[in-house]
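*Asks:* This is work.txt (compact mmCIF, C-alpha atoms).
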# COMPACT_ATOMS: atom_id res chain seq x y z
CA MET A 6 122.90 86.53 109.98
CA THR A 7 124.88 89.50 108.69
CA ARG A 8 123.40 92.63 107.21
CA ASP A 9 124.44 91.65 103.68
CA GLU A 10 122.93 88.20 104.06
CA PHE A 11 119.67 89.71 105.33
CA VAL A 12 119.44 92.17 102.46
CA GLU A 13 120.30 89.54 99.89
CA ARG A 14 117.70 87.13 101.30
CA LEU A 15 115.10 89.89 101.29
CA GLY A 16 115.90 90.61 97.65
CA GLU A 17 115.35 86.95 96.80
CA LEU A 18 112.02 86.85 98.63
CA LEU A 19 110.81 89.98 96.86
CA ALA A 20 112.10 88.94 93.44
CA CYS A 21 108.48 88.89 92.26
CA LEU A 22 108.25 92.68 92.57
CA PRO A 23 109.51 95.31 90.11
CA ALA A 24 113.27 95.86 90.47
CA ASP A 25 113.03 99.46 91.73
CA GLN A 26 110.65 98.46 94.51
CA VAL A 27 112.97 95.62 95.55
CA GLU A 28 115.93 98.02 95.59
CA GLU A 29 113.99 100.54 97.66
CA SER A 30 112.99 97.91 100.22
CA LYS A 31 116.54 96.61 100.47
CA GLU A 32 117.88 100.12 101.03
CA PHE A 33 115.29 100.83 103.70
CA TYR A 34 116.16 97.73 105.72
CA ALA A 35 119.91 98.11 105.16
CA GLU A 36 119.56 101.60 106.59
CA ALA A 37 117.51 100.33 109.54
CA ILE A 38 120.19 97.76 110.41
CA ALA A 39 123.06 100.23 109.93
CA ASP A 40 121.34 102.76 112.20
CA ARG A 41 120.88 100.15 114.92
CA MET A 42 124.55 99.20 114.70
CA GLU A 43 125.49 102.85 115.02
CA ASP A 44 123.27 102.94 118.07
CA GLY A 45 125.51 100.33 119.72
CA MET A 46 123.98 97.00 118.73
CA SER A 47 126.10 94.24 117.28
CA GLU A 48 125.40 93.32 113.67
CA GLU A 49 123.75 90.10 114.79
CA GLU A 50 121.46 91.93 117.26
CA ALA A 51 120.60 94.63 114.76
CA VAL A 52 119.56 92.12 112.12
CA ALA A 53 117.51 90.17 114.65
CA ALA A 54 115.77 93.35 115.85
CA VAL A 55 114.50 94.13 112.35
CA GLY A 56 112.80 90.74 112.10
CA SER A 57 113.24 87.75 109.85
CA PRO A 58 113.53 88.39 106.09
CA GLN A 59 110.45 86.19 105.63
CA ALA A 60 108.33 88.32 107.97
CA VAL A 61 109.63 91.52 106.40
CA ALA A 62 108.90 90.31 102.87
CA GLU A 63 105.45 89.15 103.97
CA ALA A 64 104.65 92.59 105.39
CA ILE A 65 105.67 94.28 102.13
CA LEU A 66 103.65 91.87 99.97
CA ASP A 67 100.61 92.13 102.24
CA ASP A 68 100.39 95.81 101.46
CA LEU A 69 99.76 95.15 97.76
CA PRO A 70 96.23 95.15 96.31
CA ALA A 71 94.56 91.74 95.94
CA VAL A 72 95.45 90.78 92.38
CA PRO A 73 99.15 91.80 92.31
CA ARG A 74 99.53 90.19 95.75
CA ALA A 75 98.15 86.87 94.52
CA ILE A 76 100.42 87.01 91.48
CA ALA A 77 103.46 87.96 93.57
CA LYS A 78 102.86 85.20 96.10
CA THR A 79 102.41 82.60 93.40
CA ARG A 80 105.48 83.79 91.54
CA ARG A 81 107.51 83.33 94.67
CA LYS A 82 107.05 79.62 94.27
CA GLY A 83 108.65 80.00 90.86
CA ASN A 84 107.52 81.35 87.53
CA ALA A 85 106.82 77.83 86.32
CA VAL A 86 104.08 77.42 88.93
CA LEU A 87 102.50 80.72 87.92
CA TRP A 88 102.48 79.76 84.25
CA ALA A 89 101.18 76.29 84.99
CA LEU A 90 98.37 77.76 87.07
CA ALA A 91 97.64 80.43 84.50
CA ILE A 92 97.39 77.89 81.69
CA LEU A 93 95.61 75.10 83.56
CA GLY A 94 93.24 77.59 85.14
CA SER A 95 92.55 79.49 81.94
CA PRO A 96 89.11 77.93 81.28
CA LEU A 97 88.13 79.23 84.70
CA TRP A 98 89.90 82.55 85.10
CA ILE A 99 89.38 83.76 81.53
CA VAL A 100 85.65 83.25 81.90
CA LEU A 101 85.65 84.88 85.33
CA ALA A 102 87.73 87.81 84.09
CA LEU A 103 85.43 88.28 81.09
CA GLY A 104 82.40 88.10 83.35
CA PHE A 105 83.93 90.61 85.72
CA ALA A 106 84.81 92.96 82.87
CA ALA A 107 81.37 92.56 81.28
CA VAL A 108 79.57 93.38 84.51
CA ALA A 109 81.84 96.34 85.14
CA VAL A 110 81.24 97.73 81.66
CA MET A 111 77.48 97.08 81.79
CA VAL A 112 77.09 98.91 85.09
CA TYR A 113 79.08 101.80 83.64
CA ILE A 114 76.89 101.87 80.52
CA SER A 115 73.66 101.60 82.53
CA ILE A 116 74.69 104.58 84.59
CA TRP A 117 75.12 106.65 81.44
CA VAL A 118 71.98 105.36 79.73
CA LEU A 119 70.13 106.77 82.72
CA ALA A 120 71.65 110.18 82.01
CA ALA A 121 70.88 109.84 78.29
CA CYS A 122 67.19 109.12 79.08
CA VAL A 123 66.78 112.34 80.98
CA TRP A 124 68.38 114.29 78.15
CA ILE A 125 66.23 112.58 75.52
CA ILE A 126 63.06 113.49 77.42
CA THR A 127 64.32 117.06 77.69
CA ALA A 128 65.04 117.18 73.98
CA GLY A 129 61.57 115.75 73.26
CA LEU A 130 59.88 118.48 75.27
CA GLY A 131 61.98 121.10 73.47
CA ALA A 132 60.98 119.66 70.09
CA VAL A 133 57.28 119.81 71.01
CA GLY A 134 57.73 123.43 72.09
CA ALA A 135 59.42 124.30 68.80
CA ALA A 136 56.67 122.48 66.83
CA ALA A 137 54.02 124.51 68.69
CA PHE A 138 55.71 127.73 67.59
CA VAL A 139 55.81 126.49 64.00
CA LEU A 140 52.06 125.73 64.23
CA ALA A 141 51.53 129.25 65.63
CA THR A 142 53.19 130.75 62.54
CA THR A 143 50.91 128.68 60.29
CA GLY A 144 48.03 130.12 62.33
CA ILE A 145 49.28 133.62 61.48
CA ALA A 146 49.28 132.59 57.81
CA ILE A 147 45.59 131.65 57.89
CA GLY A 148 44.76 134.56 60.23
CA HIS A 149 43.19 132.50 63.04
CA VAL A 150 44.01 134.59 66.13
CA PRO A 151 42.81 132.25 68.95
CA PHE A 152 44.77 129.37 67.38
CA VAL A 153 47.94 131.52 67.22
CA LEU A 154 47.55 132.58 70.86
CA ALA A 155 46.89 129.02 72.03
CA MET A 156 49.84 127.61 70.12
CA THR A 157 52.20 130.36 71.33
CA GLY A 158 51.10 129.61 74.89
CA VAL A 159 51.65 125.90 74.45
CA GLY A 160 55.06 126.63 72.89
CA PHE A 161 56.15 128.78 75.84
CA ALA A 162 54.90 126.17 78.30
CA PHE A 163 56.92 123.41 76.67
CA ILE A 164 60.06 125.55 76.31
CA GLY A 165 59.75 126.44 80.00
CA ALA A 166 59.41 122.78 80.90
CA THR A 167 62.45 122.04 78.72
CA LEU A 168 64.56 124.62 80.52
CA LEU A 169 63.48 123.33 83.94
CA LEU A 170 64.12 119.72 83.02
CA GLY A 171 67.37 120.72 81.31
CA ALA A 172 68.64 122.20 84.55
CA GLY A 173 67.60 119.01 86.33
CA ALA A 174 69.27 116.88 83.68
CA TRP A 175 72.47 118.86 84.06
CA ALA A 176 72.46 118.26 87.81
CA VAL A 177 71.68 114.58 87.30
CA THR A 178 74.50 114.27 84.78
CA LYS A 179 76.98 115.78 87.22
CA GLN A 180 75.88 113.35 89.94
CA ILE A 181 76.10 110.46 87.48
CA ALA A 182 79.58 111.50 86.43
CA ARG A 183 80.57 111.29 90.08
CA LEU A 184 78.87 107.91 90.42
CA SER A 185 80.64 106.52 87.40
CA VAL A 186 84.01 107.70 88.70
CA LEU A 187 83.26 105.91 91.96
CA TRP A 188 82.27 102.82 90.05
CA VAL A 189 85.48 102.81 87.99
CA LYS A 190 87.48 103.17 91.21
CA LYS A 191 85.58 100.29 92.76
CA ALA A 192 86.06 98.09 89.71
CA LEU A 193 89.79 98.77 89.63
CA SER A 194 90.33 98.41 93.37
CA PRO A 195 91.58 94.80 93.26
CA PHE A 196 94.35 95.93 90.92
CA ARG A 197 95.25 99.30 92.25
CA LYS A 198 96.21 100.69 95.60
CA ASP A 199 94.38 103.81 96.56
CA ARG A 200 94.65 103.90 100.28
CA GLY A 201 95.77 107.47 100.73
CA ARG A 202 92.25 108.55 101.57
CA THR A 203 90.23 110.09 98.77
CA SER A 204 88.69 113.19 100.24
CA GLY A 205 84.97 113.16 100.80
CA GLY A 206 84.93 109.44 101.43
CA THR A 207 84.02 106.80 98.91
CA GLY A 208 81.23 104.47 99.92
CA GLY A 209 79.22 107.02 101.84
CA SER A 210 79.14 109.69 99.19
CA LEU A 211 77.13 107.47 96.84
CA SER A 212 74.00 108.53 98.62
CA ALA A 213 75.28 111.61 100.36
CA GLU A 214 74.38 115.20 99.60
CA PRO A 215 76.70 117.00 97.19
CA HIS A 216 78.09 119.00 100.09
CA ALA A 217 78.31 116.50 102.88
CA GLY A 218 80.54 117.07 105.85
CA GLY A 219 80.32 119.98 108.20
CA ASN A 220 78.53 117.74 110.62
CA ALA A 221 81.39 116.58 112.78
CA ALA A 222 79.25 114.25 114.85
CA SER A 223 78.02 112.20 111.91
CA ASP A 224 81.50 112.05 110.45
CA GLY A 225 82.16 109.73 113.32
CA PRO A 226 85.06 109.34 115.68
CA ALA A 227 86.65 106.42 113.93
CA HIS A 228 86.71 108.31 110.64
CA PHE A 229 90.44 108.92 110.70
CA ALA A 230 91.23 105.39 111.69
CA VAL A 231 88.79 103.74 109.35
CA ALA A 232 89.20 105.98 106.34
CA SER A 233 92.75 104.93 105.75
CA THR A 234 91.81 101.29 105.60
CA LEU A 235 88.45 101.34 103.88
CA ASN A 236 89.86 102.13 100.54
CA MET B 8 94.26 97.07 119.88
CA GLU B 9 91.77 96.86 117.08
CA ALA B 10 93.55 96.82 113.71
CA GLN B 11 91.85 99.72 111.95
CA MET B 12 92.02 101.97 114.96
CA LYS B 13 95.67 101.13 115.39
CA ARG B 14 96.39 102.00 111.79
CA GLY B 15 94.90 105.46 112.27
CA PHE B 16 96.88 106.01 115.47
CA LEU B 17 100.08 104.82 113.83
CA GLU B 18 99.59 107.15 110.91
CA ALA B 19 99.10 110.10 113.26
CA CYS B 20 102.14 109.07 115.34
CA VAL B 21 104.41 108.82 112.32
CA LEU B 22 103.20 112.18 111.03
CA ALA B 23 103.86 113.64 114.46
CA ALA B 24 107.36 112.11 114.48
CA VAL B 25 108.29 113.94 111.28
CA SER B 26 106.40 117.16 112.04
CA GLY B 27 109.24 118.92 113.82
CA GLU B 28 112.58 118.58 112.10
CA GLU B 29 112.98 115.88 109.48
CA SER B 30 113.58 112.38 110.76
CA TYR B 31 114.69 108.96 109.52
CA GLY B 32 113.37 105.43 109.81
CA TYR B 33 115.12 104.19 112.94
CA ARG B 34 114.56 107.45 114.79
CA ILE B 35 110.84 107.36 113.99
CA VAL B 36 110.68 103.82 115.37
CA LYS B 37 112.38 105.01 118.56
CA ASP B 38 110.37 108.23 118.87
CA VAL B 39 106.87 106.82 118.48
CA PRO B 40 105.45 105.69 121.87
CA ALA B 41 106.45 102.11 122.62
CA SER B 42 102.82 101.12 123.24
CA MET B 43 102.20 101.44 119.50
CA GLY B 44 104.73 98.64 118.94
CA LEU B 45 105.97 100.26 115.74
CA THR B 46 108.51 98.19 113.80
CA GLU B 47 110.25 98.77 110.50
CA SER B 48 108.02 96.28 108.73
CA THR B 49 104.99 98.37 109.71
CA LEU B 50 106.74 101.66 109.15
CA TYR B 51 107.94 100.98 105.64
CA PRO B 52 104.54 100.51 103.96
CA LEU B 53 103.14 103.34 106.05
CA LEU B 54 105.82 105.80 104.94
CA LYS B 55 105.26 104.86 101.33
CA ARG B 56 101.53 105.36 101.72
CA LEU B 57 101.98 108.74 103.36
CA GLU B 58 104.41 109.81 100.67
CA LYS B 59 101.99 108.76 97.95
CA ALA B 60 99.22 110.71 99.65
CA GLY B 61 101.46 113.78 99.68
CA CYS B 62 101.60 113.95 103.48
CA ILE B 63 105.39 113.66 103.71
CA THR B 64 108.38 114.33 101.47
CA VAL B 65 111.50 112.21 101.27
CA ARG B 66 115.10 113.10 100.51
CA SER B 67 118.30 111.09 100.62
CA ALA B 68 121.32 112.56 102.35
CA GLU B 69 124.73 111.21 103.17
CA HIS B 70 125.36 110.04 106.70
CA ASN B 71 128.60 108.33 107.77
CA GLY B 72 129.49 107.42 104.22
CA ARG B 73 126.11 105.91 103.36
CA LEU B 74 122.78 107.25 102.18
CA ARG B 75 120.00 107.76 104.65
CA LYS B 76 116.45 108.76 103.83
CA TYR B 77 114.97 111.70 105.67
CA TYR B 78 111.25 112.36 105.93
CA ARG B 79 109.51 115.66 106.52
CA ILE B 80 105.84 116.55 106.91
CA THR B 81 103.96 118.61 104.28
CA GLU B 82 100.99 120.93 104.65
CA ALA B 83 98.67 118.07 103.69
CA GLY B 84 100.23 116.03 106.49
CA ARG B 85 99.64 118.81 109.01
CA THR B 86 96.03 119.01 107.89
CA ARG B 87 95.71 115.29 108.54
CA ILE B 88 97.13 115.69 112.04
CA ASP B 89 94.59 118.45 112.68
CA GLU B 90 91.80 116.16 111.50
CA PHE B 91 93.05 113.44 113.81
CA LEU B 92 93.13 115.79 116.78
CA ALA B 93 89.67 117.14 115.94
CA GLU B 94 88.26 113.68 116.56
CA TRP B 95 89.25 113.67 120.20
CA PRO B 96 85.93 115.02 121.56
CA SER B 97 83.97 112.25 119.85
CA VAL B 98 86.45 109.63 121.06
CA GLN B 99 85.95 110.96 124.58
CA GLU B 100 82.20 110.82 124.13
CA ILE B 101 82.43 107.14 123.19
CA TYR B 102 84.79 106.45 126.07
CA ARG B 103 82.36 108.04 128.52
CA TYR B 104 79.47 106.08 127.06
CA VAL B 105 81.31 102.76 127.37
CA GLU B 106 82.53 103.64 130.84
CA GLY B 107 79.04 104.66 131.89
CA ALA B 108 77.50 101.43 130.64
CA ARG B 109 79.86 99.38 132.80
CA SER B 110 78.59 100.63 136.16
Mind turning this structure into structure tokens?

*Replies:*
Amino acid sequence: MTRDEFVERLGELLACLPADQVEESKEFYAEAIADRMEDGMSEEEAVAAVGSPQAVAEAILDDLPAVPRAIAKTRRKGNAVLWALAILGSPLWIVLALGFAAVAVMVYISIWVLAACVWIITAGLGAVGAAAFVLATTGIAIGHVPFVLAMTGVGFAFIGATLLLGAGAWAVTKQIARLSVLWVKKALSPFRKDRGRTSGGTGGSLSAEPHAGGNAASDGPAHFAVASTLN
Amino acid sequence: MEAQMKRGFLEACVLAAVSGEESYGYRIVKDVPASMGLTESTLYPLLKRLEKAGCITVRSAEHNGRLRKYYRITEAGRTRIDEFLAEWPSVQEIYRYVEGARS
């Protein structure tokens, strides 16, 4: 097989990918073969050393995330097959896709409802505090000193509780924002490639302290090796 | 070699191969230790991944009347090499443990 034949065959096998990606792959392998020939191999040897176009195409497609990979591999058998499958399978995949989307959205909403609850309780406490102060002023109006003192005390107590809980709610909200980002990433992972290691890790940080790390031993030896694949 | 471990090693090897002067595909394949069994079909996705993660930069330059792509490490890539090297003590610890359990 000549270099041109190899590149052309590779282009055919990758036809399911966007044109710029196909072009980039073809250039990369054309360069690899040209460099081997410059290194003293014959064209035939150089092409053989790079591997079969099938194996090369397979390696490129295998690096795609699950959903685009499935689409690409089906499309390779022809667009007609993909459409036939898409239409015949629609009662199944539409329902599954809707279910998947519904669950994803519900989990996202639940996460935020949790945050909203904490804020509502905080607001409730604040309202009680404010009401106590209003009652205290009515006490001033009727000149009942013990009532005024009691109500002012109650007001301060509730406002204090509100501030404390507010600080907690703020912290909780920040954590929840992080959680929801993780969840969105997880939900999109079959469609999107995100292998280039997100710092801080993904799975582990769900339960981890805000400032994990520092502890080299618990970070584990295989961290480098595993991190790049986990995602 | 176990797949995930190998992936980490390969990544570190490729980063090391472009950490001096810039290098190109075939030279990286030749430079990386043969025991890694690096081929173009492994290298290509790996380079793209490293580029996306900002660990290497790519430029095209003319060579013998054709374009060749040259890769060079970035600061982020050097940091990743450092992280890889920092794991050596714990790898050794595991090695000693496994070795010790054998006898």

*Asks:* By how many Å are atom CA of Arg103 of chain B and atom CA of Ala23 of chain B apart?

*Replies:*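 According to the coordinates, atom CA of Arg103 of chain B and atom CA of Ala23 of chain B are separated by 26.3 Å.
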
*Asks:* Which value, in Å to one decimal, gives the distance between atom CA of Gln59 of chain A and atom CA of Cys21 of chain A?

*Replies:*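 About the pair atom CA of Gln59 of chain A and atom CA of Cys21 of chain A: they are 13.8 Å apart.
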
*Asks:* Name all residues at most 12 Å from Asp9 of chain A (count only C-alpha atoms; drop same-chain ones fewer than 2 positions away) and give them as a ChimeraX atom specification.

*Replies:* /A:6-7,11-16,31-32,34-36,38-39,48-49,52,58

*Asks:* Which residue gives the smallest distance to chain A among B:Leu17, B:Thr81, B:Thr64, B:Asp38, with all atoms listed in the file counted?

*Replies:*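 Looking at the shortest contact to chain A, the residue is B:Leu17.
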
*Asks:* My list of candidates is B:Arg56, B:Arg79, B:Arg14, B:Arg73. Which is closest to Ile35 of chain B when distances are computed with all atoms listed in the file?

*Replies:*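 Of B:Arg56, B:Arg79, B:Arg14, B:Arg73, the one nearest Ile35 of chain B is B:Arg79, counting all atoms listed in the file.
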
*Asks:* List the spatial neighbours of Ala54 of chain A as an MDAnalysis selection string - criterion: any atom at most 10 Å away, only C-alpha atoms, same-chain residues fewer than 6 positions off excluded.

*Replies:* (chainID A and resid 37:38 41 46 48) or (chainID B and resid 46:47)

*Asks:* Deliver the residues from the most recent selection as a file, using C-alpha atoms, as a short mmCIF file (atom, residue, chain, number, x, y, z; two decimals), keeping the file's coordinate frame.

*Replies:*
data_model
loop_
_atom_site.label_atom_id
_atom_site.label_comp_id
_atom_site.auth_asym_id
_atom_site.auth_seq_id
_atom_site.Cartn_x
_atom_site.Cartn_y
_atom_site.Cartn_z
CA ALA A 37 117.51 100.33 109.54
CA ILE A 38 120.19 97.76 110.41
CA ARG A 41 120.88 100.15 114.92
CA MET A 46 123.98 97.00 118.73
CA GLU A 48 125.40 93.32 113.67
CA THR B 46 108.51 98.19 113.80
CA GLU B 47 110.25 98.77 110.50
#

*Asks:* Check every residue of chain B for an atom within 7 Å of chain A, counting all atoms listed in the file, and provide those that qualify as a PDB file with C-alpha atoms, in the coordinates of the input.

*Replies:*
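File part22.pdb, as written:
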ATOM      1  CA  GLN B  11      91.850  99.720 111.950  1.00  0.00           C
ATOM      2  CA  MET B  12      92.020 101.970 114.960  1.00  0.00           C
ATOM      3  CA  ARG B  14      96.390 102.000 111.790  1.00  0.00           C
ATOM      4  CA  GLY B  15      94.900 105.460 112.270  1.00  0.00           C
ATOM      5  CA  PHE B  16      96.880 106.010 115.470  1.00  0.00           C
ATOM      6  CA  GLY B  32     113.370 105.430 109.810  1.00  0.00           C
ATOM      7  CA  TYR B  33     115.120 104.190 112.940  1.00  0.00           C
ATOM      8  CA  GLU B  47     110.250  98.770 110.500  1.00  0.00           C
ATOM      9  CA  SER B  48     108.020  96.280 108.730  1.00  0.00           C
ATOM     10  CA  PRO B  52     104.540 100.510 103.960  1.00  0.00           C
ATOM     11  CA  ARG B  56     101.530 105.360 101.720  1.00  0.00           C
ATOM     12  CA  LEU B  57     101.980 108.740 103.360  1.00  0.00           C
ATOM     13  CA  LYS B  59     101.990 108.760  97.950  1.00  0.00           C
ATOM     14  CA  ALA B  60      99.220 110.710  99.650  1.00  0.00           C
ATOM     15  CA  ARG B  75     120.000 107.760 104.650  1.00  0.00           C
ATOM     16  CA  PHE B  91      93.050 113.440 113.810  1.00  0.00           C
ATOM     17  CA  GLU B  94      88.260 113.680 116.560  1.00  0.00           C
ATOM     18  CA  SER B  97      83.970 112.250 119.850  1.00  0.00           C
ATOM     19  CA  VAL B  98      86.450 109.630 121.060  1.00  0.00           C
TER      20      VAL B  98
END
